[in-house]
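Following: one structure in C-alpha cells, then a few remarks.
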Amino acid sequence: AMIAGYAQHKHGREALTLFWQMDSGSTKPDEVTYVSVLKACTQIAALEEGREMHAHIVKNGFECNTFVGNTLIDMYSKCGSIQHACQVFEKMPKRDLVSWNVLIGGYAQHGHGEEALDLFWQMQLEGMIANKVTFISILNACTDIEVLEQGKQLHAHIIKSRFESDAFVGSTLVDMYAKCGDMVHARQAFDKISNQDVVSWNAIIAAYAQHGYGDTAFQLFQQMQQEGMKPNQISFINILDACVSLGVLTPGKLIHAHIVDSGIEPDVNLGNALTNMYGKCGSLENARLVFDKMPVRNVVSWNSMISTYAQHGYGKEALQLFQQMQGKGEIPNEITMIGVLCACSHAGL
C-alpha cells in the first residue's frame, strides 16, 4: 500500500527505496507491488532500475502475468527502450487489448509509424477488437509518417466501429488529415463529431491556420465562441498562427486583448506565439514588450525575438539579445545560430 501510494503521488524514488527495503525482509511482492514499482520507474525514467525489476519479476515467476507484462511494456516504451518493450510483448503467453494498445502507442510515440501500423493489422488478424485508445494511437502513427491512404483505411475501420462521432477520435482524424494535406476530409471529420469540445475546435482551427487559411480559422474561432465554447491557451496559440498567415497586425492585437480580458495568464508557449505574431506582423515594439514581460522563457522565446530583430534589419539589437541569452544560461540551438548569422549580415560583420 505504501509503495502504491508513493507511486500514485509521483514519488518514484521513494517507492523504489521502499521496495528494496521490503525485498530484504520476509514480505514477498505480488503483482500489485510490481505494477506499482514499475510505474515508479516510468515516472522517474529509471530504465536501469526497470531492468533490475524485470529480472526480479522473472525470478519470482510473474513474467507471464498479463497485468505485469503490460506495465513492463509501458515502462520500457516510456523509458525509450522500444526494443525491450517488443520483446516483453512477444513473450507474453496471453495478451489483452491493453497489451496491443500500449505497444502500438509506444511505437507511435517514438516515431515508428510503420511498425505501429503493422502491429495494428496483426491485431485485427488475431481477432482483437480495437477501442478508441487504439484508434487514437494508430492515427497518430499515420500522422507521423504522413500515409494518407492508410489513414483513409483506418477512417473506414473507425466508421465501421462507430467511433467516428467520438470527440477524441474525431479530433485525431482532423489532425491526421490536416497533417497529410487533405483539408476536405479534415473538415468532414470535424463536422461528424457529435459533441464538439474545445479539443475538436482547436484541431480544426489549427488545421486551417497551418495551411494558410487564416480567414476560415478566424470564422471558426468566432463560431466556437458563439456556440458557448470558451477558448483555452491552445485555442489562442492556434488563432495567433492564423494571424501570422494573414500577415495583418490588427486581428493579432484584438486576439491579444481577448487573452487579457479572458484572465488567462499566458504560459511560455502562448507568450512565444504572441512574440512571433507581433514579429511576423512587423510590430517589433510589441514583440519586445511581450518578450520582456514573460516570467519564463525558453530557447524558442529567445530565437523568436532574435530572428525578429535580424529579419527586420536590427542586427546589433539581435546580437545584444544573443549575448543576453548566453548570460542567462540558455543554450542556443541551430535556429538561434541562423538568426545570429542573419543579424551579422545586417550588421555588416
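Residues in the C-alpha cells are named by chain (A, B, ... in the order shown) and by number from 1 within that chain; ligands are numbered from 1 in the order shown.
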Would you mind listing what lies within 10 Å of His155 of chain A as a PDB file with C-alpha atoms, in the first residue's frame, with only C-alpha atoms counted and same-chain residues fewer than 5 positions away left out?
```
ATOM      1  CA  PHE A 135      -7.545   4.310 -32.986  1.00  0.00           C
ATOM      2  CA  LEU A 139      -3.945   7.673 -36.275  1.00  0.00           C
ATOM      3  CA  GLU A 149      -4.143   6.142 -47.864  1.00  0.00           C
ATOM      4  CA  GLN A 150      -3.510   4.120 -44.689  1.00  0.00           C
ATOM      5  CA  LYS A 160     -17.466   0.563 -39.019  1.00  0.00           C
ATOM      6  CA  SER A 161     -16.585   0.506 -35.304  1.00  0.00           C
ATOM      7  CA  PHE A 163     -16.181   5.783 -33.217  1.00  0.00           C
ATOM      8  CA  GLU A 164     -16.351   8.480 -35.915  1.00  0.00           C
ATOM      9  CA  VAL A 169     -11.127  10.042 -32.173  1.00  0.00           C
ATOM     10  CA  GLY A 170     -12.700  12.698 -34.410  1.00  0.00           C
ATOM     11  CA  LEU A 173      -8.805  12.252 -37.508  1.00  0.00           C
ATOM     12  CA  ALA A 189     -14.238  14.560 -39.932  1.00  0.00           C
TER      13      ALA A 189
END
```
Within 10 Å of His110 of chain A, counting only C-alpha atoms, which residues show up once you throw out same-chain ones fewer than 5 positions away? Write them as number ranges by chain, please. A: 77-78, 80-82, 105, 116, 141, 144
Using only C-alpha atoms, find the one residue out of A:Thr134, A:Val68, A:Cys344, A:Gln21 that sits nearest to Thr33 of chain A.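 Closest to Thr33 of chain A, using only C-alpha atoms: A:Val68.
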Surrounding residues of Ala206 of chain A excluding itself and chain neighbours under 5 positions, 8 Å, only C-alpha atoms, as a list in words: Ala217, Asn238, Ile239, Asp241 and Ala242 of chain A
For the residues selected in the previous step, produce a file with all heavy atoms as an mmCIF file, in the first residue's frame.
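Saved the output as again_35.cif:
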```cif
data_model
loop_
_atom_site.group_PDB
_atom_site.id
_atom_site.type_symbol
_atom_site.label_atom_id
_atom_site.label_comp_id
_atom_site.auth_asym_id
_atom_site.auth_seq_id
_atom_site.Cartn_x
_atom_site.Cartn_y
_atom_site.Cartn_z
ATOM 1 N N ALA A 217 -9.986 30.124 -40.361
ATOM 2 C CA ALA A 217 -9.649 29.854 -38.958
ATOM 3 C C ALA A 217 -10.329 30.880 -38.052
ATOM 4 O O ALA A 217 -10.869 30.530 -36.990
ATOM 5 C CB ALA A 217 -8.137 29.888 -38.760
ATOM 6 N N ASN A 238 -3.313 28.762 -31.587
ATOM 7 C CA ASN A 238 -3.713 28.433 -32.956
ATOM 8 C C ASN A 238 -4.199 29.656 -33.723
ATOM 9 O O ASN A 238 -3.859 29.845 -34.901
ATOM 10 C CB ASN A 238 -4.806 27.367 -32.942
ATOM 11 C CG ASN A 238 -4.312 26.022 -32.451
ATOM 12 O OD1 ASN A 238 -3.121 25.727 -32.524
ATOM 13 N ND2 ASN A 238 -5.211 25.204 -31.944
ATOM 14 N N ILE A 239 -4.999 30.497 -33.064
ATOM 15 C CA ILE A 239 -5.541 31.661 -33.772
ATOM 16 C C ILE A 239 -4.463 32.719 -34.004
ATOM 17 O O ILE A 239 -4.510 33.471 -34.986
ATOM 18 C CB ILE A 239 -6.786 32.239 -33.040
ATOM 19 C CG1 ILE A 239 -7.653 33.051 -34.013
ATOM 20 C CG2 ILE A 239 -6.416 33.039 -31.826
ATOM 21 C CD1 ILE A 239 -8.220 32.285 -35.170
ATOM 22 N N ASP A 241 -1.439 31.865 -34.789
ATOM 23 C CA ASP A 241 -0.802 31.331 -36.002
ATOM 24 C C ASP A 241 -1.581 31.759 -37.242
ATOM 25 O O ASP A 241 -0.995 32.040 -38.301
ATOM 26 C CB ASP A 241 -0.733 29.801 -35.949
ATOM 27 C CG ASP A 241 0.363 29.294 -35.028
ATOM 28 O OD1 ASP A 241 1.251 30.093 -34.679
ATOM 29 O OD2 ASP A 241 0.330 28.109 -34.659
ATOM 30 N N ALA A 242 -2.910 31.815 -37.110
ATOM 31 C CA ALA A 242 -3.753 32.280 -38.217
ATOM 32 C C ALA A 242 -3.456 33.745 -38.531
ATOM 33 O O ALA A 242 -3.439 34.146 -39.697
ATOM 34 C CB ALA A 242 -5.231 32.085 -37.877
#
```
For Gly252 of chain A, list every protein, DNA or RNA residue within 10 Å, evaluated using only C-alpha atoms, and leave out those in the same chain fewer than 2 positions away; present the list as an mmCIF file with all heavy atoms, in the first residue's frame.
```cif
data_model
loop_
_atom_site.group_PDB
_atom_site.id
_atom_site.type_symbol
_atom_site.label_atom_id
_atom_site.label_comp_id
_atom_site.auth_asym_id
_atom_site.auth_seq_id
_atom_site.Cartn_x
_atom_site.Cartn_y
_atom_site.Cartn_z
ATOM 1 N N ILE A 239 -4.999 30.497 -33.064
ATOM 2 C CA ILE A 239 -5.541 31.661 -33.772
ATOM 3 C C ILE A 239 -4.463 32.719 -34.004
ATOM 4 O O ILE A 239 -4.510 33.471 -34.986
ATOM 5 C CB ILE A 239 -6.786 32.239 -33.040
ATOM 6 C CG1 ILE A 239 -7.653 33.051 -34.013
ATOM 7 C CG2 ILE A 239 -6.416 33.039 -31.826
ATOM 8 C CD1 ILE A 239 -8.220 32.285 -35.170
ATOM 9 N N LEU A 240 -3.465 32.762 -33.139
ATOM 10 C CA LEU A 240 -2.322 33.652 -33.377
ATOM 11 C C LEU A 240 -1.516 33.178 -34.592
ATOM 12 O O LEU A 240 -1.007 33.994 -35.357
ATOM 13 C CB LEU A 240 -1.436 33.736 -32.135
ATOM 14 C CG LEU A 240 -2.010 34.559 -30.976
ATOM 15 C CD1 LEU A 240 -1.224 34.314 -29.692
ATOM 16 C CD2 LEU A 240 -2.028 36.048 -31.306
ATOM 17 N N ASP A 241 -1.439 31.865 -34.789
ATOM 18 C CA ASP A 241 -0.802 31.331 -36.002
ATOM 19 C C ASP A 241 -1.581 31.759 -37.242
ATOM 20 O O ASP A 241 -0.995 32.040 -38.301
ATOM 21 C CB ASP A 241 -0.733 29.801 -35.949
ATOM 22 C CG ASP A 241 0.363 29.294 -35.028
ATOM 23 O OD1 ASP A 241 1.251 30.093 -34.679
ATOM 24 O OD2 ASP A 241 0.330 28.109 -34.659
ATOM 25 N N ALA A 242 -2.910 31.815 -37.110
ATOM 26 C CA ALA A 242 -3.753 32.280 -38.217
ATOM 27 C C ALA A 242 -3.456 33.745 -38.531
ATOM 28 O O ALA A 242 -3.439 34.146 -39.697
ATOM 29 C CB ALA A 242 -5.231 32.085 -37.877
ATOM 30 N N CYS A 243 -3.227 34.533 -37.494
ATOM 31 C CA CYS A 243 -2.868 35.950 -37.689
ATOM 32 C C CYS A 243 -1.574 36.064 -38.485
ATOM 33 O O CYS A 243 -1.448 36.925 -39.357
ATOM 34 C CB CYS A 243 -2.691 36.655 -36.347
ATOM 35 S SG CYS A 243 -4.188 36.766 -35.352
ATOM 36 N N VAL A 244 -0.624 35.192 -38.181
ATOM 37 C CA VAL A 244 0.651 35.191 -38.895
ATOM 38 C C VAL A 244 0.425 34.872 -40.371
ATOM 39 O O VAL A 244 1.007 35.500 -41.249
ATOM 40 C CB VAL A 244 1.641 34.175 -38.264
ATOM 41 C CG1 VAL A 244 2.886 34.021 -39.125
ATOM 42 C CG2 VAL A 244 2.024 34.625 -36.856
ATOM 43 N N LEU A 246 -2.179 35.463 -42.085
ATOM 44 C CA LEU A 246 -2.823 36.618 -42.714
ATOM 45 C C LEU A 246 -1.834 37.772 -42.919
ATOM 46 O O LEU A 246 -1.989 38.573 -43.841
ATOM 47 C CB LEU A 246 -3.998 37.111 -41.860
ATOM 48 C CG LEU A 246 -5.244 36.218 -41.817
ATOM 49 C CD1 LEU A 246 -6.194 36.705 -40.742
ATOM 50 C CD2 LEU A 246 -5.935 36.192 -43.171
ATOM 51 N N GLY A 247 -0.841 37.857 -42.013
ATOM 52 C CA GLY A 247 0.157 38.922 -42.103
ATOM 53 C C GLY A 247 -0.390 40.304 -41.793
ATOM 54 O O GLY A 247 0.169 41.304 -42.231
ATOM 55 N N VAL A 248 -1.481 40.342 -41.024
ATOM 56 C CA VAL A 248 -2.135 41.617 -40.690
ATOM 57 C C VAL A 248 -2.097 41.795 -39.180
ATOM 58 O O VAL A 248 -2.462 40.884 -38.423
ATOM 59 C CB VAL A 248 -3.596 41.646 -41.191
ATOM 60 C CG1 VAL A 248 -4.246 42.984 -40.872
ATOM 61 C CG2 VAL A 248 -3.652 41.379 -42.690
ATOM 62 N N LEU A 249 -1.678 42.973 -38.721
ATOM 63 C CA LEU A 249 -1.470 43.210 -37.302
ATOM 64 C C LEU A 249 -2.759 43.355 -36.503
ATOM 65 O O LEU A 249 -2.857 42.860 -35.372
ATOM 66 C CB LEU A 249 -0.602 44.469 -37.115
ATOM 67 C CG LEU A 249 -0.231 44.841 -35.675
ATOM 68 C CD1 LEU A 249 0.527 43.717 -34.994
ATOM 69 C CD2 LEU A 249 0.602 46.129 -35.673
ATOM 70 N N THR A 250 -3.768 44.039 -37.047
ATOM 71 C CA THR A 250 -4.981 44.362 -36.281
ATOM 72 C C THR A 250 -5.661 43.139 -35.664
ATOM 73 O O THR A 250 -5.987 43.157 -34.465
ATOM 74 C CB THR A 250 -5.982 45.143 -37.163
ATOM 75 O OG1 THR A 250 -5.342 46.322 -37.641
ATOM 76 C CG2 THR A 250 -7.222 45.524 -36.364
ATOM 77 N N LEU A 254 -6.284 42.347 -31.563
ATOM 78 C CA LEU A 254 -7.600 42.019 -30.997
ATOM 79 C C LEU A 254 -7.542 40.716 -30.202
ATOM 80 O O LEU A 254 -8.139 40.607 -29.124
ATOM 81 C CB LEU A 254 -8.644 41.912 -32.114
ATOM 82 C CG LEU A 254 -9.034 43.226 -32.806
ATOM 83 C CD1 LEU A 254 -9.911 42.955 -34.026
ATOM 84 C CD2 LEU A 254 -9.757 44.155 -31.822
ATOM 85 N N ILE A 255 -6.809 39.734 -30.733
ATOM 86 C CA ILE A 255 -6.666 38.458 -30.017
ATOM 87 C C ILE A 255 -5.885 38.661 -28.723
ATOM 88 O O ILE A 255 -6.238 38.095 -27.674
ATOM 89 C CB ILE A 255 -5.979 37.407 -30.909
ATOM 90 C CG1 ILE A 255 -6.864 37.052 -32.106
ATOM 91 C CG2 ILE A 255 -5.641 36.148 -30.106
ATOM 92 C CD1 ILE A 255 -8.215 36.470 -31.743
ATOM 93 N N HIS A 256 -4.844 39.497 -28.759
ATOM 94 C CA HIS A 256 -4.071 39.792 -27.554
ATOM 95 C C HIS A 256 -4.976 40.416 -26.485
ATOM 96 O O HIS A 256 -4.924 40.035 -25.302
ATOM 97 C CB HIS A 256 -2.909 40.722 -27.885
ATOM 98 C CG HIS A 256 -1.902 40.839 -26.782
ATOM 99 N ND1 HIS A 256 -0.745 41.585 -26.898
ATOM 100 C CD2 HIS A 256 -1.864 40.314 -25.514
ATOM 101 C CE1 HIS A 256 -0.059 41.494 -25.768
ATOM 102 N NE2 HIS A 256 -0.722 40.749 -24.915
ATOM 103 N N ALA A 257 -5.814 41.355 -26.902
ATOM 104 C CA ALA A 257 -6.757 41.984 -25.962
ATOM 105 C C ALA A 257 -7.729 40.949 -25.401
ATOM 106 O O ALA A 257 -8.080 40.976 -24.209
ATOM 107 C CB ALA A 257 -7.518 43.105 -26.672
ATOM 108 N N HIS A 258 -8.159 40.021 -26.262
ATOM 109 C CA HIS A 258 -9.074 38.953 -25.848
ATOM 110 C C HIS A 258 -8.418 38.076 -24.777
ATOM 111 O O HIS A 258 -9.060 37.673 -23.800
ATOM 112 C CB HIS A 258 -9.430 38.123 -27.078
ATOM 113 C CG HIS A 258 -10.603 37.201 -26.911
ATOM 114 N ND1 HIS A 258 -11.118 36.833 -25.691
ATOM 115 C CD2 HIS A 258 -11.388 36.564 -27.829
ATOM 116 C CE1 HIS A 258 -12.131 36.010 -25.847
ATOM 117 N NE2 HIS A 258 -12.308 35.837 -27.154
ATOM 118 N N LEU A 274 2.606 34.930 -29.104
ATOM 119 C CA LEU A 274 2.371 36.375 -29.178
ATOM 120 C C LEU A 274 3.598 37.106 -29.730
ATOM 121 O O LEU A 274 3.481 37.972 -30.610
ATOM 122 C CB LEU A 274 2.023 36.925 -27.791
ATOM 123 C CG LEU A 274 0.577 36.753 -27.327
ATOM 124 C CD1 LEU A 274 0.462 36.975 -25.832
ATOM 125 C CD2 LEU A 274 -0.353 37.713 -28.093
ATOM 126 N N MET A 277 3.838 36.369 -33.416
ATOM 127 C CA MET A 277 2.823 37.072 -34.190
ATOM 128 C C MET A 277 3.208 38.526 -34.400
ATOM 129 O O MET A 277 3.181 39.041 -35.531
ATOM 130 C CB MET A 277 1.465 36.969 -33.494
ATOM 131 C CG MET A 277 0.314 37.655 -34.217
ATOM 132 S SD MET A 277 0.155 39.445 -33.882
ATOM 133 C CE MET A 277 -0.231 39.455 -32.138
ATOM 134 N N TYR A 278 3.582 39.204 -33.313
ATOM 135 C CA TYR A 278 3.956 40.616 -33.432
ATOM 136 C C TYR A 278 5.177 40.787 -34.339
ATOM 137 O O TYR A 278 5.235 41.692 -35.173
ATOM 138 C CB TYR A 278 4.219 41.220 -32.056
ATOM 139 C CG TYR A 278 2.960 41.655 -31.339
ATOM 140 C CD1 TYR A 278 2.648 41.161 -30.070
ATOM 141 C CD2 TYR A 278 2.084 42.577 -31.905
ATOM 142 C CE1 TYR A 278 1.499 41.563 -29.413
ATOM 143 C CE2 TYR A 278 0.929 42.981 -31.249
ATOM 144 C CZ TYR A 278 0.642 42.469 -29.998
ATOM 145 O OH TYR A 278 -0.499 42.875 -29.347
ATOM 146 N N CYS A 281 4.276 40.162 -37.984
ATOM 147 C CA CYS A 281 3.384 41.216 -38.497
ATOM 148 C C CYS A 281 4.041 42.603 -38.461
ATOM 149 O O CYS A 281 3.390 43.622 -38.708
ATOM 150 C CB CYS A 281 2.069 41.229 -37.719
ATOM 151 S SG CYS A 281 1.046 39.759 -37.998
#
```
Per DSSP on the backbone, filter segment 48-228 of chain A down to the residues in alpha helix (DSSP H) and report them as an MDAnalysis selection string. chainID A and resid 48:59 66:78 82:91 97:109 113:125 132:145 148:160 167:179 183:191 198:210 214:226
Shell of 12 Å around Gly329 of chain A, only C-alpha atoms, local chain residues under 5 positions omitted, as a list in words: Arg297, Asn298, Val299, Trp302, Phe322, Gln323 and Gln324 of chain A
Report as JSON, numbers by chain all protein, DNA and RNA residues lying within 12 Å of Ile44 of chain A, evaluated on only C-alpha atoms, omitting residues in the same chain fewer than 5 positions from it. {"A": [7, 10, 11, 12, 13, 14, 15, 16, 37, 38, 39, 49, 50, 75, 78, 79]}
With all heavy atoms retained, export the selected residues as a short mmCIF file (atom, residue, chain, number, x, y, z; two decimals), in the first residue's frame.
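Listing of part_30.cif after writing:
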```
data_model
loop_
_atom_site.label_atom_id
_atom_site.label_comp_id
_atom_site.auth_asym_id
_atom_site.auth_seq_id
_atom_site.Cartn_x
_atom_site.Cartn_y
_atom_site.Cartn_z
N ALA A 7 3.98 5.76 -5.53
CA ALA A 7 3.94 5.77 -7.00
C ALA A 7 2.81 6.65 -7.52
O ALA A 7 2.99 7.43 -8.46
CB ALA A 7 3.78 4.34 -7.52
N LYS A 10 3.54 10.39 -7.45
CA LYS A 10 4.72 10.82 -8.20
C LYS A 10 6.01 10.86 -7.38
O LYS A 10 6.94 11.60 -7.69
CB LYS A 10 4.51 12.21 -8.82
CG LYS A 10 3.18 12.41 -9.52
CD LYS A 10 3.05 11.55 -10.75
CE LYS A 10 1.74 11.83 -11.49
NZ LYS A 10 1.49 10.89 -12.60
N HIS A 11 6.08 10.02 -6.34
CA HIS A 11 7.31 9.91 -5.56
C HIS A 11 8.00 8.59 -5.93
O HIS A 11 8.09 7.66 -5.13
CB HIS A 11 7.02 9.98 -4.06
CG HIS A 11 6.41 11.27 -3.62
ND1 HIS A 11 7.12 12.46 -3.61
CD2 HIS A 11 5.17 11.58 -3.18
CE1 HIS A 11 6.34 13.44 -3.18
NE2 HIS A 11 5.15 12.94 -2.92
N GLY A 12 8.48 8.53 -7.19
CA GLY A 12 9.04 7.30 -7.72
C GLY A 12 10.25 6.78 -6.98
O GLY A 12 10.36 5.58 -6.70
N ARG A 13 11.17 7.67 -6.66
CA ARG A 13 12.40 7.25 -6.00
C ARG A 13 12.10 6.66 -4.62
O ARG A 13 12.68 5.63 -4.22
CB ARG A 13 13.34 8.45 -5.87
CG ARG A 13 14.72 8.13 -5.34
CD ARG A 13 15.48 7.14 -6.19
NE ARG A 13 15.72 7.61 -7.55
CZ ARG A 13 16.23 6.85 -8.50
NH1 ARG A 13 16.52 5.57 -8.26
NH2 ARG A 13 16.44 7.34 -9.72
N GLU A 14 11.18 7.27 -3.88
CA GLU A 14 10.80 6.76 -2.55
C GLU A 14 10.14 5.38 -2.67
O GLU A 14 10.36 4.49 -1.83
CB GLU A 14 9.85 7.73 -1.84
CG GLU A 14 10.50 9.04 -1.42
CD GLU A 14 10.51 10.09 -2.52
OE1 GLU A 14 10.27 9.73 -3.69
OE2 GLU A 14 10.77 11.27 -2.19
N ALA A 15 9.33 5.19 -3.72
CA ALA A 15 8.68 3.90 -3.94
C ALA A 15 9.72 2.80 -4.18
O ALA A 15 9.59 1.69 -3.64
CB ALA A 15 7.72 4.00 -5.13
N LEU A 16 10.75 3.11 -4.97
CA LEU A 16 11.80 2.13 -5.23
C LEU A 16 12.59 1.79 -3.97
O LEU A 16 12.89 0.61 -3.71
CB LEU A 16 12.75 2.68 -6.30
CG LEU A 16 12.23 2.66 -7.75
CD1 LEU A 16 13.15 3.48 -8.65
CD2 LEU A 16 12.12 1.24 -8.26
N VAL A 37 5.70 -0.50 -8.60
CA VAL A 37 7.12 -0.12 -8.65
C VAL A 37 7.58 0.11 -10.10
O VAL A 37 8.45 0.95 -10.35
CB VAL A 37 7.99 -1.15 -7.90
CG1 VAL A 37 8.28 -2.38 -8.73
CG2 VAL A 37 9.27 -0.52 -7.39
N LEU A 38 6.97 -0.59 -11.06
CA LEU A 38 7.27 -0.33 -12.47
C LEU A 38 6.76 1.05 -12.89
O LEU A 38 7.43 1.76 -13.65
CB LEU A 38 6.66 -1.41 -13.36
CG LEU A 38 7.36 -2.77 -13.36
CD1 LEU A 38 6.51 -3.81 -14.06
CD2 LEU A 38 8.74 -2.70 -14.01
N LYS A 39 5.60 1.42 -12.36
CA LYS A 39 5.08 2.77 -12.63
C LYS A 39 6.01 3.83 -12.04
O LYS A 39 6.20 4.90 -12.62
CB LYS A 39 3.67 2.91 -12.07
CG LYS A 39 2.62 2.17 -12.88
CD LYS A 39 1.23 2.34 -12.29
CE LYS A 39 0.19 1.62 -13.16
NZ LYS A 39 -1.17 1.72 -12.58
N GLU A 49 16.90 0.72 -13.33
CA GLU A 49 16.12 0.15 -12.22
C GLU A 49 14.96 -0.68 -12.76
O GLU A 49 14.60 -1.72 -12.18
CB GLU A 49 15.59 1.26 -11.31
CG GLU A 49 16.64 1.92 -10.44
CD GLU A 49 17.32 3.10 -11.12
OE1 GLU A 49 17.27 3.20 -12.37
OE2 GLU A 49 17.91 3.93 -10.40
N GLY A 50 14.38 -0.25 -13.88
CA GLY A 50 13.31 -1.01 -14.51
C GLY A 50 13.78 -2.37 -14.99
O GLY A 50 13.07 -3.38 -14.85
N MET A 75 6.55 0.64 -19.30
CA MET A 75 7.77 1.18 -18.69
C MET A 75 8.89 1.27 -19.72
O MET A 75 9.53 2.32 -19.87
CB MET A 75 8.20 0.30 -17.51
CG MET A 75 9.43 0.81 -16.76
SD MET A 75 11.03 0.28 -17.49
CE MET A 75 10.94 -1.50 -17.29
N LYS A 78 8.11 4.05 -22.41
CA LYS A 78 8.24 5.43 -21.92
C LYS A 78 9.66 5.77 -21.48
O LYS A 78 10.01 6.95 -21.40
CB LYS A 78 7.24 5.68 -20.80
CG LYS A 78 5.80 5.75 -21.34
CD LYS A 78 4.77 5.97 -20.28
CE LYS A 78 3.39 6.06 -20.91
NZ LYS A 78 2.31 6.06 -19.91
N CYS A 79 10.45 4.74 -21.21
CA CYS A 79 11.86 4.99 -20.87
C CYS A 79 12.76 4.91 -22.10
O CYS A 79 13.99 4.95 -22.00
CB CYS A 79 12.33 3.99 -19.82
SG CYS A 79 11.60 4.27 -18.19
#
```
Each residue of segment 26-48 of chain A lying at most 10 Å from segment 55-63 of chain A should get a row with its shortest atom-to-atom pair and the distance in Å to one decimal, counting only C-alpha atoms; could you produce that, ordered by chain and increasing number, as a tab-separated table?
```
residue	atom	partner	partner_atom	distance
A:Lys28	CA	A:Asn60	CA	9.2
A:Pro29	CA	A:Asn60	CA	8.7
A:Asp30	CA	A:Phe62	CA	8.2
A:Glu31	CA	A:Phe62	CA	7.1
A:Tyr34	CA	A:Ile57	CA	7.4
```
